[in-house]
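Visitor: Contents of work31.csv (CSV, C-alpha atoms) are given next:
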```
chain,number,residue,atom,x,y,z
L,12,MET,CA,-35.9,2.3,-21.7
L,13,ALA,CA,-33.5,0.0,-20.0
L,14,VAL,CA,-30.7,1.4,-22.1
L,15,ARG,CA,-31.6,4.9,-21.1
L,16,ALA,CA,-31.6,4.2,-17.4
L,17,LYS,CA,-28.2,2.6,-17.8
L,18,HIS,CA,-27.0,5.7,-19.6
L,19,GLN,CA,-28.3,7.9,-17.0
L,20,ARG,CA,-26.5,6.0,-14.2
L,21,LEU,CA,-23.3,6.1,-16.2
L,22,VAL,CA,-23.4,9.8,-16.7
L,23,LEU,CA,-24.4,10.5,-13.1
L,24,LEU,CA,-21.7,8.3,-11.8
L,25,GLY,CA,-19.2,9.9,-14.1
L,26,ILE,CA,-20.1,13.4,-12.8
L,27,ALA,CA,-19.9,12.1,-9.2
L,28,LEU,CA,-16.4,10.6,-9.9
L,29,VAL,CA,-15.1,13.9,-11.4
L,30,ALA,CA,-16.4,15.8,-8.4
L,31,LEU,CA,-14.9,13.2,-6.1
L,32,ILE,CA,-11.4,13.3,-7.8
L,33,GLY,CA,-11.6,17.1,-7.7
L,34,ALA,CA,-12.4,17.1,-4.0
L,35,GLY,CA,-9.5,14.7,-3.3
L,36,LEU,CA,-7.1,16.8,-5.3
L,37,LEU,CA,-8.2,20.0,-3.5
L,38,ALA,CA,-7.8,18.3,-0.1
L,39,THR,CA,-4.3,17.0,-0.9
L,40,TRP,CA,-3.3,20.3,-2.4
L,41,ALA,CA,-4.4,22.0,0.9
L,42,LEU,CA,-2.4,19.4,2.8
L,43,ARG,CA,0.7,19.7,0.7
L,44,SER,CA,2.8,21.5,3.4
L,45,GLN,CA,1.1,20.3,6.5
L,46,ALA,CA,1.3,16.6,5.6
L,47,SER,CA,5.1,16.7,5.0
L,48,TYR,CA,7.0,14.6,7.6
L,49,PHE,CA,9.9,17.0,7.9
L,50,TYR,CA,11.5,20.3,6.8
L,51,VAL,CA,14.2,20.3,4.2
L,52,PRO,CA,17.2,22.5,5.1
L,53,ALA,CA,16.2,25.1,2.5
L,54,ASP,CA,12.8,25.5,4.2
L,55,MET,CA,14.3,25.7,7.6
L,56,ALA,CA,16.9,28.3,6.6
L,57,ALA,CA,14.2,30.5,4.9
L,58,ASN,CA,11.6,30.2,7.7
L,59,PRO,CA,13.4,29.1,10.9
L,60,PRO,CA,10.9,27.6,13.4
L,61,GLU,CA,10.7,29.0,17.0
L,62,SER,CA,13.6,27.6,19.1
L,63,ASP,CA,11.3,25.8,21.6
L,64,ARG,CA,9.2,24.1,18.9
L,65,ALA,CA,9.9,20.4,18.2
L,66,VAL,CA,10.3,19.9,14.5
L,67,ARG,CA,11.9,17.4,12.1
L,68,LEU,CA,14.7,18.1,9.7
L,69,GLY,CA,15.4,15.8,6.8
L,70,GLY,CA,18.1,15.7,4.2
L,71,MET,CA,21.5,14.2,3.3
L,72,VAL,CA,24.3,13.8,5.7
L,73,GLU,CA,27.0,15.8,4.0
L,74,ARG,CA,30.1,13.7,3.2
L,75,GLY,CA,33.1,14.5,5.4
L,76,SER,CA,31.0,16.5,7.9
L,77,MET,CA,30.5,13.8,10.5
L,78,LYS,CA,32.6,14.5,13.6
L,79,ASN,CA,32.5,12.4,16.8
L,80,ALA,CA,32.9,14.4,20.0
L,81,PRO,CA,35.5,13.3,22.6
L,82,ASP,CA,32.7,12.2,25.0
L,83,GLY,CA,32.0,9.2,22.8
L,84,VAL,CA,28.2,9.6,22.3
L,85,THR,CA,27.8,13.0,20.7
L,86,VAL,CA,28.1,13.4,17.0
L,87,ASN,CA,28.1,16.6,14.9
L,88,PHE,CA,27.2,16.6,11.2
L,89,ILE,CA,25.7,18.8,8.5
L,90,VAL,CA,22.3,18.1,6.9
L,91,SER,CA,22.1,19.4,3.4
L,92,ASP,CA,19.7,19.4,0.5
L,93,GLY,CA,22.0,21.0,-2.0
L,94,LYS,CA,20.6,24.5,-1.4
L,95,ALA,CA,21.1,25.0,2.4
L,96,ARG,CA,23.2,23.4,5.1
L,97,ILE,CA,22.1,23.0,8.7
L,98,PRO,CA,24.6,21.8,11.4
L,99,VAL,CA,23.1,19.1,13.7
L,100,ARG,CA,24.2,17.8,17.1
L,101,PHE,CA,23.0,14.5,18.5
L,102,ALA,CA,23.9,12.5,21.5
L,103,GLY,CA,22.5,8.9,21.7
L,104,ILE,CA,22.2,5.7,19.8
L,105,ARG,CA,22.4,6.1,16.1
L,106,PRO,CA,20.5,3.9,13.6
L,107,ALA,CA,22.6,1.3,11.8
L,108,LEU,CA,22.0,2.9,8.4
L,109,PHE,CA,23.1,6.4,9.6
L,110,VAL,CA,26.1,7.1,7.4
L,111,GLU,CA,27.6,10.0,5.5
L,112,GLY,CA,26.1,10.6,2.1
L,113,SER,CA,22.8,8.9,3.1
L,114,GLY,CA,19.5,10.3,4.1
L,115,VAL,CA,18.6,11.2,7.7
L,116,VAL,CA,15.5,12.6,9.6
L,117,ALA,CA,16.5,14.4,12.8
L,118,GLU,CA,13.8,15.1,15.4
L,119,GLY,CA,14.6,18.0,17.7
L,120,LYS,CA,14.8,21.8,18.0
L,121,LEU,CA,16.6,24.5,16.2
L,122,GLY,CA,18.7,26.3,18.7
L,123,ARG,CA,19.2,30.1,18.7
L,124,ASP,CA,22.8,29.6,17.7
L,125,GLY,CA,21.6,28.0,14.4
L,126,ILE,CA,22.6,24.5,15.5
L,127,PHE,CA,19.8,21.9,15.3
L,128,VAL,CA,19.9,19.8,18.5
L,129,ALA,CA,18.4,16.4,17.8
L,130,ASP,CA,17.0,14.0,20.4
L,131,ASN,CA,16.3,11.2,17.9
L,132,LEU,CA,17.7,10.2,14.5
L,133,LEU,CA,15.9,8.2,11.8
L,134,ALA,CA,17.8,6.8,8.9
L,135,LYS,CA,16.1,7.4,5.5
L,136,HIS,CA,17.4,5.3,2.7
L,137,ASP,CA,16.7,5.8,-1.0
L,138,GLU,CA,14.8,3.7,-3.5
L,139,LYS,CA,17.9,2.1,-5.0
L,140,TYR,CA,18.8,-1.5,-4.2
L,141,VAL,CA,22.2,-2.8,-5.2
L,142,PRO,CA,23.8,-6.1,-4.3
L,143,ARG,CA,26.8,-5.9,-2.1
L,144,GLU,CA,29.2,-7.6,-4.6
L,145,MET,CA,28.0,-5.3,-7.4
L,146,LYS,CA,28.7,-2.2,-5.3
L,147,ASP,CA,32.2,-3.5,-4.6
L,148,MET,CA,32.7,-4.1,-8.3
L,149,GLN,CA,31.5,-0.6,-9.1
L,150,GLN,CA,33.8,0.9,-6.6
L,151,ALA,CA,36.7,-1.1,-7.9
L,152,ARG,CA,36.0,-0.1,-11.4
L,153,LYS,CA,35.8,3.6,-10.3
L,154,ALA,CA,39.1,3.2,-8.4
L,155,ILE,CA,40.8,1.7,-11.5
L,156,GLU,CA,39.4,4.6,-13.7
L,157,ASN,CA,40.7,7.1,-11.2
L,158,THR,CA,44.3,5.7,-11.3
L,159,LYS,CA,44.4,6.0,-15.1
E,28,MET,CA,-20.4,-7.4,-21.1
E,29,HIS,CA,-23.3,-9.6,-20.0
E,30,GLY,CA,-21.5,-12.6,-21.3
E,31,PHE,CA,-19.6,-12.6,-18.1
E,32,ALA,CA,-22.6,-11.7,-16.0
E,33,ASN,CA,-23.8,-15.3,-16.1
E,34,PRO,CA,-23.2,-16.9,-12.7
E,35,ALA,CA,-23.5,-20.4,-14.1
E,36,ARG,CA,-20.7,-19.7,-16.6
E,37,PHE,CA,-18.6,-18.2,-13.9
E,38,LEU,CA,-19.1,-21.3,-11.7
E,39,ARG,CA,-18.1,-23.5,-14.7
E,40,ILE,CA,-14.8,-21.6,-15.1
E,41,ALA,CA,-14.1,-21.1,-11.4
E,42,ARG,CA,-14.5,-24.8,-10.7
E,43,TRP,CA,-11.1,-25.5,-12.3
E,44,ALA,CA,-9.6,-22.0,-12.2
E,45,THR,CA,-9.8,-21.8,-8.3
E,46,PRO,CA,-7.5,-24.7,-7.5
E,47,LEU,CA,-5.3,-23.9,-10.5
E,48,CYS,CA,-4.7,-20.3,-9.2
E,49,LEU,CA,-4.1,-21.4,-5.7
E,50,LEU,CA,-1.7,-24.2,-6.6
E,51,LEU,CA,0.3,-22.2,-9.1
E,52,GLY,CA,0.4,-19.2,-6.8
E,53,LEU,CA,1.6,-21.3,-3.9
E,54,VAL,CA,4.4,-22.8,-6.0
E,55,LEU,CA,5.5,-19.5,-7.4
E,56,ALA,CA,5.3,-17.6,-4.1
E,57,ALA,CA,7.2,-20.4,-2.2
E,58,TRP,CA,9.9,-20.5,-5.0
E,59,ALA,CA,10.3,-16.7,-4.9
E,60,LEU,CA,10.5,-16.6,-1.1
E,61,VAL,CA,13.1,-19.4,-0.9
E,62,TRP,CA,15.1,-17.6,-3.7
E,63,GLY,CA,14.8,-14.3,-2.0
E,64,VAL,CA,15.6,-15.4,1.5
E,65,PHE,CA,18.4,-17.9,0.8
E,66,PHE,CA,19.9,-17.2,-2.7
E,67,ALA,CA,19.3,-13.5,-3.7
E,68,PRO,CA,22.2,-11.2,-2.7
E,69,ALA,CA,22.2,-8.9,0.3
E,70,ASP,CA,21.7,-5.2,-0.3
E,71,ALA,CA,24.9,-3.0,-0.2
E,72,LEU,CA,23.4,-0.6,2.3
E,73,GLN,CA,20.8,-2.7,4.3
E,74,GLY,CA,22.4,-6.1,4.2
E,75,ASP,CA,20.1,-9.0,4.9
E,76,THR,CA,17.3,-6.8,6.1
E,77,VAL,CA,16.3,-6.2,2.5
E,78,ARG,CA,15.0,-9.8,2.2
E,79,ILE,CA,11.6,-8.8,3.7
E,80,VAL,CA,10.9,-6.9,0.5
E,81,TYR,CA,9.8,-10.2,-1.1
E,82,LEU,CA,6.8,-10.2,1.3
E,83,HIS,CA,6.3,-6.5,1.9
E,84,VAL,CA,5.9,-5.4,-1.7
E,85,PRO,CA,3.5,-8.1,-2.9
E,86,THR,CA,1.2,-7.6,0.1
E,87,ALA,CA,1.3,-3.8,-0.4
E,88,TRP,CA,0.4,-4.3,-4.1
E,89,LEU,CA,-2.5,-6.6,-3.3
E,90,GLY,CA,-3.8,-4.4,-0.5
E,91,MET,CA,-4.1,-1.5,-2.9
E,92,GLY,CA,-5.1,-3.8,-5.8
E,93,GLY,CA,-7.9,-5.2,-3.7
E,94,TRP,CA,-9.5,-1.9,-3.2
E,95,SER,CA,-9.1,-1.0,-6.8
E,96,ALA,CA,-11.0,-4.2,-7.7
E,97,ILE,CA,-13.7,-3.3,-5.2
E,98,ALA,CA,-14.0,0.2,-6.8
E,99,ILE,CA,-14.2,-1.2,-10.4
E,100,ALA,CA,-16.7,-3.9,-9.3
E,101,SER,CA,-18.8,-1.3,-7.5
E,102,PHE,CA,-18.9,0.9,-10.6
E,103,THR,CA,-19.9,-2.0,-12.7
E,104,GLU,CA,-22.7,-3.0,-10.3
E,105,ILE,CA,-24.1,0.5,-10.0
E,106,VAL,CA,-24.1,1.2,-13.8
E,107,TRP,CA,-24.8,-2.2,-15.4
E,108,ARG,CA,-26.5,-4.0,-12.5
E,109,HIS,CA,-24.0,-6.8,-13.1
E,110,PRO,CA,-25.0,-9.6,-10.8
E,111,LEU,CA,-21.5,-11.0,-10.3
E,112,ALA,CA,-19.8,-7.6,-9.7
E,113,GLY,CA,-21.3,-7.0,-6.3
E,114,ILE,CA,-20.4,-10.6,-5.3
E,115,ALA,CA,-16.9,-10.1,-6.5
E,116,ALA,CA,-16.5,-6.8,-4.5
E,117,ARG,CA,-17.8,-8.5,-1.3
E,118,ALA,CA,-15.4,-11.4,-1.8
E,119,VAL,CA,-12.4,-9.2,-2.2
E,120,ALA,CA,-12.8,-7.2,1.0
E,121,LEU,CA,-11.5,-9.8,3.6
E,122,PRO,CA,-8.4,-10.9,1.7
E,123,GLY,CA,-7.7,-7.3,0.8
E,124,ALA,CA,-7.8,-6.3,4.5
E,125,VAL,CA,-5.6,-9.3,5.4
E,126,PHE,CA,-3.0,-8.4,2.8
E,127,THR,CA,-3.0,-4.7,3.9
E,128,ALA,CA,-2.5,-5.7,7.5
E,129,LEU,CA,0.4,-8.0,6.4
E,130,CYS,CA,1.9,-5.0,4.5
E,131,LEU,CA,1.7,-2.9,7.6
E,132,ILE,CA,3.2,-5.6,9.8
E,133,THR,CA,6.1,-6.5,7.5
E,134,GLY,CA,6.7,-2.8,6.9
E,135,SER,CA,6.9,-2.2,10.7
E,136,ILE,CA,9.3,-5.1,11.1
E,137,TRP,CA,11.5,-3.7,8.3
E,138,GLY,CA,11.3,-0.1,9.6
E,139,ARG,CA,12.9,-1.0,13.0
E,140,PRO,CA,16.3,-2.0,11.6
E,141,ALA,CA,16.3,0.1,8.5
E,142,TRP,CA,15.0,3.5,9.8
E,143,GLY,CA,15.4,3.0,13.5
E,144,THR,CA,11.6,3.0,14.3
E,145,TRP,CA,8.6,0.7,14.2
E,146,TRP,CA,6.2,3.4,13.1
E,147,VAL,CA,6.1,7.0,12.0
E,148,TRP,CA,3.1,9.1,11.0
E,149,ASP,CA,4.4,10.0,7.6
E,150,GLY,CA,2.2,10.2,4.5
E,151,ARG,CA,2.8,6.7,3.2
E,152,LEU,CA,2.3,4.8,6.5
E,153,THR,CA,-0.7,6.9,7.5
E,154,SER,CA,-2.5,6.5,4.2
E,155,MET,CA,-1.9,2.8,4.2
E,156,LEU,CA,-3.3,2.5,7.8
E,157,VAL,CA,-6.4,4.5,6.5
E,158,LEU,CA,-6.8,1.8,3.8
E,159,LEU,CA,-6.9,-0.9,6.5
E,160,PHE,CA,-9.6,1.1,8.3
E,161,LEU,CA,-11.5,1.6,5.0
E,162,TYR,CA,-11.6,-2.2,4.6
E,163,PHE,CA,-12.9,-2.6,8.1
E,164,GLY,CA,-15.6,0.0,7.4
E,165,TYR,CA,-16.5,-1.7,4.1
E,166,MET,CA,-16.9,-5.1,5.8
E,167,ALA,CA,-19.0,-3.6,8.7
E,168,LEU,CA,-21.2,-1.7,6.3
E,169,ASP,CA,-21.7,-4.8,4.2
E,170,ALA,CA,-22.6,-6.9,7.2
E,171,ALA,CA,-25.1,-4.3,8.4
E,172,ALA,CA,-26.7,-4.0,5.0
E,173,ARG,CA,-26.9,-7.8,4.8
E,174,GLY,CA,-28.8,-8.0,8.1
E,175,SER,CA,-31.4,-5.6,6.9
E,176,GLN,CA,-32.1,-6.9,3.4
E,177,GLN,CA,-32.7,-10.5,2.5
E,178,ALA,CA,-32.9,-10.4,-1.3
E,179,GLY,CA,-29.8,-10.9,-3.4
E,180,GLN,CA,-26.2,-11.6,-2.6
E,181,GLY,CA,-24.6,-8.5,-4.3
E,182,GLN,CA,-23.6,-5.5,-2.2
E,183,SER,CA,-26.1,-2.9,-1.2
E,184,ARG,CA,-26.2,0.5,-3.0
E,185,ILE,CA,-24.6,2.2,0.0
E,186,THR,CA,-21.8,-0.3,0.2
E,187,ALA,CA,-21.1,0.1,-3.5
E,188,ILE,CA,-20.9,3.9,-3.1
E,189,PHE,CA,-18.5,3.5,-0.1
E,190,GLY,CA,-16.3,1.2,-2.3
E,191,LEU,CA,-16.1,3.9,-5.0
E,192,VAL,CA,-15.5,6.8,-2.6
E,193,GLY,CA,-12.8,4.9,-0.7
E,194,ALA,CA,-10.8,4.6,-4.0
E,195,VAL,CA,-9.8,8.2,-3.5
E,196,ASN,CA,-7.2,6.9,-1.0
E,197,ILE,CA,-5.4,4.7,-3.6
E,198,PRO,CA,-3.7,7.5,-5.6
E,199,VAL,CA,-3.0,9.2,-2.3
E,200,ILE,CA,-1.1,6.2,-1.1
E,201,HIS,CA,0.8,5.9,-4.3
E,202,TYR,CA,1.8,9.6,-4.6
E,203,SER,CA,2.2,10.2,-0.8
E,204,VAL,CA,6.0,9.7,-1.2
E,205,THR,CA,6.3,12.2,-4.0
E,206,TRP,CA,3.8,14.9,-2.9
E,207,TRP,CA,5.1,15.1,0.6
E,208,ASN,CA,8.4,14.6,2.4
E,209,SER,CA,8.2,11.2,3.9
E,210,LEU,CA,10.4,8.8,5.7
E,211,HIS,CA,9.4,6.1,3.3
E,212,GLN,CA,11.4,6.2,0.1
E,213,PRO,CA,9.9,6.9,-3.4
E,214,PRO,CA,8.9,3.9,-5.5
E,215,SER,CA,11.8,1.7,-6.8
E,216,ILE,CA,9.8,0.3,-9.7
E,217,THR,CA,8.1,2.8,-12.0
E,218,MET,CA,6.7,2.5,-15.5
E,219,GLY,CA,9.4,0.9,-17.6
E,220,LYS,CA,12.4,1.4,-15.2
E,221,SER,CA,13.7,0.0,-12.0
E,222,ALA,CA,16.1,1.5,-9.4
E,223,MET,CA,16.3,-2.1,-8.1
E,224,ALA,CA,19.1,-4.4,-9.5
E,225,ALA,CA,17.8,-7.4,-11.4
E,226,ASP,CA,19.1,-9.8,-8.7
E,227,PHE,CA,16.3,-8.4,-6.4
E,228,LEU,CA,13.8,-7.5,-9.1
E,229,VAL,CA,13.3,-11.0,-10.7
E,230,PRO,CA,12.4,-12.9,-7.5
E,231,LEU,CA,10.3,-9.9,-6.4
E,232,LEU,CA,8.2,-10.0,-9.6
E,233,ILE,CA,7.8,-13.8,-9.3
E,234,ALA,CA,6.7,-13.4,-5.7
E,235,THR,CA,4.2,-10.7,-6.8
E,236,VAL,CA,2.7,-12.9,-9.5
E,237,GLY,CA,2.5,-15.8,-7.1
E,238,PHE,CA,0.8,-13.9,-4.3
E,239,SER,CA,-1.6,-12.3,-6.9
E,240,LEU,CA,-2.6,-15.8,-8.1
E,241,ILE,CA,-3.2,-16.9,-4.5
E,242,PHE,CA,-5.3,-13.7,-3.9
E,243,GLY,CA,-7.3,-14.4,-7.1
E,244,GLY,CA,-7.9,-18.0,-6.0
E,245,ILE,CA,-9.1,-16.9,-2.6
E,246,VAL,CA,-11.5,-14.4,-4.2
E,247,MET,CA,-12.9,-17.0,-6.6
E,248,ALA,CA,-13.4,-19.5,-3.7
E,249,ARG,CA,-15.2,-16.9,-1.7
E,250,MET,CA,-17.4,-15.9,-4.7
E,251,ARG,CA,-18.3,-19.6,-5.1
E,252,THR,CA,-19.3,-19.7,-1.4
E,253,ILE,CA,-21.5,-16.7,-1.7
E,254,LEU,CA,-23.2,-18.1,-4.8
E,255,ALA,CA,-23.7,-21.5,-3.1
E,256,ASP,CA,-25.2,-19.7,-0.1
E,257,GLU,CA,-27.6,-17.9,-2.4
E,258,GLN,CA,-28.6,-21.1,-4.1
E,259,ALA,CA,-29.3,-22.8,-0.7
E,260,GLU,CA,-31.4,-19.9,0.5
E,261,ALA,CA,-33.4,-19.9,-2.7
E,262,ARG,CA,-34.0,-23.6,-2.3
E,263,LEU,CA,-35.2,-23.1,1.3
E,264,ARG,CA,-37.5,-20.3,0.2
E,265,ARG,CA,-39.1,-22.5,-2.5
E,266,LYS,CA,-39.6,-25.3,0.0
E,267,ALA,CA,-41.3,-22.9,2.5
E,268,MET,CA,-43.6,-21.7,-0.3
E,269,ARG,CA,-44.5,-25.3,-1.3
E,270,ALA,CA,-45.3,-26.1,2.3
E,271,GLN,CA,-47.7,-23.2,2.4
E,272,ALA,CA,-49.3,-23.9,-1.0
E,273,PRO,CA,-51.8,-26.7,0.0
E,274,ALA,CA,-53.2,-24.5,2.7
E,275,VAL,CA,-53.9,-21.8,0.1
E,276,GLY,CA,-55.4,-24.5,-2.2
E,277,GLU,CA,-57.8,-25.7,0.5
E,278,ALA,CA,-59.1,-22.2,1.1
E,279,TRP,CA,-60.2,-22.1,-2.5
```
Show me, as structure tokens, the structure contained in the file I just sent.
Guide:
Amino acid sequence: MAVRAKHQRLVLLGIALVALIGAGLLATWALRSQASYFYVPADMAANPPESDRAVRLGGMVERGSMKNAPDGVTVNFIVSDGKARIPVRFAGIRPALFVEGSGVVAEGKLGRDGIFVADNLLAKHDEKYVPREMKDMQQARKAIENTK
Amino acid sequence: MHGFANPARFLRIARWATPLCLLLGLVLAAWALVWGVFFAPADALQGDTVRIVYLHVPTAWLGMGGWSAIAIASFTEIVWRHPLAGIAARAVALPGAVFTALCLITGSIWGRPAWGTWWVWDGRLTSMLVLLFLYFGYMALDAAARGSQQAGQGQSRITAIFGLVGAVNIPVIHYSVTWWNSLHQPPSITMGKSAMAADFLVPLLIATVGFSLIFGGIVMARMRTILADEQAEARLRRKAMRAQAPAVGEAW
């Protein structure tokens, strides 16, 4: 008798858990585009947002694309995800980790001319952690290989 | 299963396991933090900022691990009526909330120099904040249930169900950085491989083990308190019954 009650609870709870996980998956599936923090360049190129809507653009700062304007505060660069490239203009204080070849999230509006005008920049770093000395060694090794 | 259900046996083990966990945990955590802050190398990109990882990752792991423990204990209590499971779940809630708050605070302090912001509403940060509110909700529900029912020191049925339902948030936190674009980076340490150099990984793992032992020690100490409370209450109840007994006898 006691064993049967225990079994009943186990089965009931099992069914409840399956329903719960299903509901959770459905909810996150429905949120999959809304819950994203930023557009990647490919999304933005395919469906450009209205020019007066504040959006975020995230991707890699293309190497060699960063150009400082003569006024000393404005910077122009290209955000890329390997599929599309969006030119960005920003005037203001840049985060310390904002460098070429690293990730960035720009908050602002896409202009009619196709240039994304950012009013705030956030640096996005990746999941890799490398000691400074090791990075120097790797670069040195690479440099030696290149000269061969 | 019911071998572990015996509170007397638990108390016998916890008497020496509690101080052992706390002491060993403190030693390991202190060792790892000193190693991480003073001796581990600086990160190539972030510099010395990276050193907060030795606090941030263990607290994040324990905040999420705490709720996983509540969910497993709640399941065990509902199905097997395990007397210790409910007590364990109640004991985990407060340290779980504290570690989740520490994770949010250290993350915010890290976010300012690394990302250029204290806080953003991306998937990872938001779901972690939801976890903190779930802990608050659990503790409020538990306190309310405790006021209305006197018998037993386990959690009430409704609290146990809340503990199970809240577990939905745990995979959401974990996968938030892969399902959605987020400012927070994907996990550095996944099954069997690490994007983190060993110079960072070894002190981080020691810190995680150390803080986990401290967490376990706190939970055991709290379980012992709850059990002692229960014993004291039972003793008072018996005393009150004995005081009433002669009156009943005279009437006969």
Visitor: Enumerate as a VMD selection string the residues belonging to chain L that approach chain E to within 8 Å, with all atoms listed in the file taken into account.
Guide: chain L and resid 17 to 18 20 to 21 24 31 to 32 35 43 to 44 46 to 50 106 to 108 116 132 to 144 146
Visitor: Rounded to one decimal, what separation in Å do you get between CA of Gly190 (chain E) and CA of Leu121 (chain E)?
Guide: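 Taking CA of Gly190 (chain E) and CA of Leu121 (chain E), their separation equals 13.4 Å.
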Visitor: Near Ser76 (chain L), counting all atoms listed in the file, which residues have an atom at most 10 Å away, once you skip same-chain residues fewer than 5 positions from it, shown as a list in words?
Guide: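 Listed by chain and then number, they are Asn87, Phe88, Ile89, Val90, Pro98, Glu111 and Gly112 of chain L.
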Visitor: Pick out the residues sitting within 6 Å of region 85-88 of chain E, and hand them over as a list in words; count all atoms listed in the file, and ignore anything fewer than 5 positions along from it in its own chain.
Guide: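 Non-adjacent residues within range: Phe126, Cys130 and Thr235 of chain E.
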Visitor: Which residues are close to region 39-50 of chain E, i.e. within 9 Å by all atoms listed in the file, leaving aside same-chain residues fewer than 3 positions away? Reply as number ranges by chain.
Guide: E: 34-36, 53-55, 237, 239-248, 251
Visitor: Give me, as number ranges by chain, all polymer residues having an atom no more than 7 Å from region 159-162 of chain E, counting all atoms listed in the file and skipping those fewer than 5 positions away in the same chain.
Guide: E: 120, 124, 127-128, 193
Visitor: Excluding Val51 (chain L) and its own-chain neighbours fewer than 2 positions away, which residues fall within 7 Å of it when counting only C-alpha atoms? Please give them as an mmCIF file with C-alpha atoms, in the coordinates of the input.
Guide:
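Full text of out-v1.cif as output:
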```cif
data_model
loop_
_atom_site.group_PDB
_atom_site.id
_atom_site.type_symbol
_atom_site.label_atom_id
_atom_site.label_comp_id
_atom_site.auth_asym_id
_atom_site.auth_seq_id
_atom_site.Cartn_x
_atom_site.Cartn_y
_atom_site.Cartn_z
ATOM 1 C CA PHE L 49 9.900 17.000 7.900
ATOM 2 C CA ALA L 53 16.200 25.100 2.500
ATOM 3 C CA ASP L 54 12.800 25.500 4.200
ATOM 4 C CA MET L 55 14.300 25.700 7.600
ATOM 5 C CA LEU L 68 14.700 18.100 9.700
ATOM 6 C CA GLY L 69 15.400 15.800 6.800
ATOM 7 C CA GLY L 70 18.100 15.700 4.200
ATOM 8 C CA ASP L 92 19.700 19.400 0.500
#
```
Visitor: So how far away is CA of Ile97 (chain L) from CA of Thr85 (chain L), in Å?
Guide: 16.6 Å
Visitor: Take CA of Arg264 (chain E) and CA of Gln182 (chain E) and report the distance between them in Å, one decimal.
Guide: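 Computed distance, CA of Arg264 (chain E) to CA of Gln182 (chain E), equals 20.4 Å.
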Visitor: Using all atoms listed in the file, can you tell me which of L:Gly119, L:Gly125, L:Pro59, L:Gly83 comes closest to Ile104 (chain L)?
Guide: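 Closest to Ile104 (chain L), using all atoms listed in the file: L:Gly83.
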Visitor: What would region 93-116 of chain L look like if you wrote it out as a PDB file, in the first residue's frame, with C-alpha atoms included, from the block I just posted?
Guide:
```pdb
ATOM      1  CA  GLY L  93      31.980  37.139 -41.187  1.00  0.00           C
ATOM      2  CA  LYS L  94      28.784  37.397 -43.266  1.00  0.00           C
ATOM      3  CA  ALA L  95      28.046  41.118 -43.292  1.00  0.00           C
ATOM      4  CA  ARG L  96      29.890  44.332 -42.435  1.00  0.00           C
ATOM      5  CA  ILE L  97      28.319  47.451 -40.942  1.00  0.00           C
ATOM      6  CA  PRO L  98      30.226  50.743 -40.663  1.00  0.00           C
ATOM      7  CA  VAL L  99      29.910  52.390 -37.236  1.00  0.00           C
ATOM      8  CA  ARG L 100      30.626  55.935 -36.077  1.00  0.00           C
ATOM      9  CA  PHE L 101      31.058  56.787 -32.411  1.00  0.00           C
ATOM     10  CA  ALA L 102      32.077  59.934 -30.530  1.00  0.00           C
ATOM     11  CA  GLY L 103      32.803  59.564 -26.843  1.00  0.00           C
ATOM     12  CA  ILE L 104      34.722  57.637 -24.248  1.00  0.00           C
ATOM     13  CA  ARG L 105      35.676  54.157 -25.397  1.00  0.00           C
ATOM     14  CA  PRO L 106      35.880  51.186 -23.009  1.00  0.00           C
ATOM     15  CA  ALA L 107      39.437  50.013 -22.264  1.00  0.00           C
ATOM     16  CA  LEU L 108      38.947  46.634 -23.931  1.00  0.00           C
ATOM     17  CA  PHE L 109      37.647  48.166 -27.169  1.00  0.00           C
ATOM     18  CA  VAL L 110      40.329  47.073 -29.667  1.00  0.00           C
ATOM     19  CA  GLU L 111      40.499  45.789 -33.230  1.00  0.00           C
ATOM     20  CA  GLY L 112      39.801  42.078 -33.579  1.00  0.00           C
ATOM     21  CA  SER L 113      37.784  42.030 -30.336  1.00  0.00           C
ATOM     22  CA  GLY L 114      34.044  41.993 -29.708  1.00  0.00           C
ATOM     23  CA  VAL L 115      31.920  45.102 -29.349  1.00  0.00           C
ATOM     24  CA  VAL L 116      28.270  45.952 -28.695  1.00  0.00           C
TER      25      VAL L 116
END
```
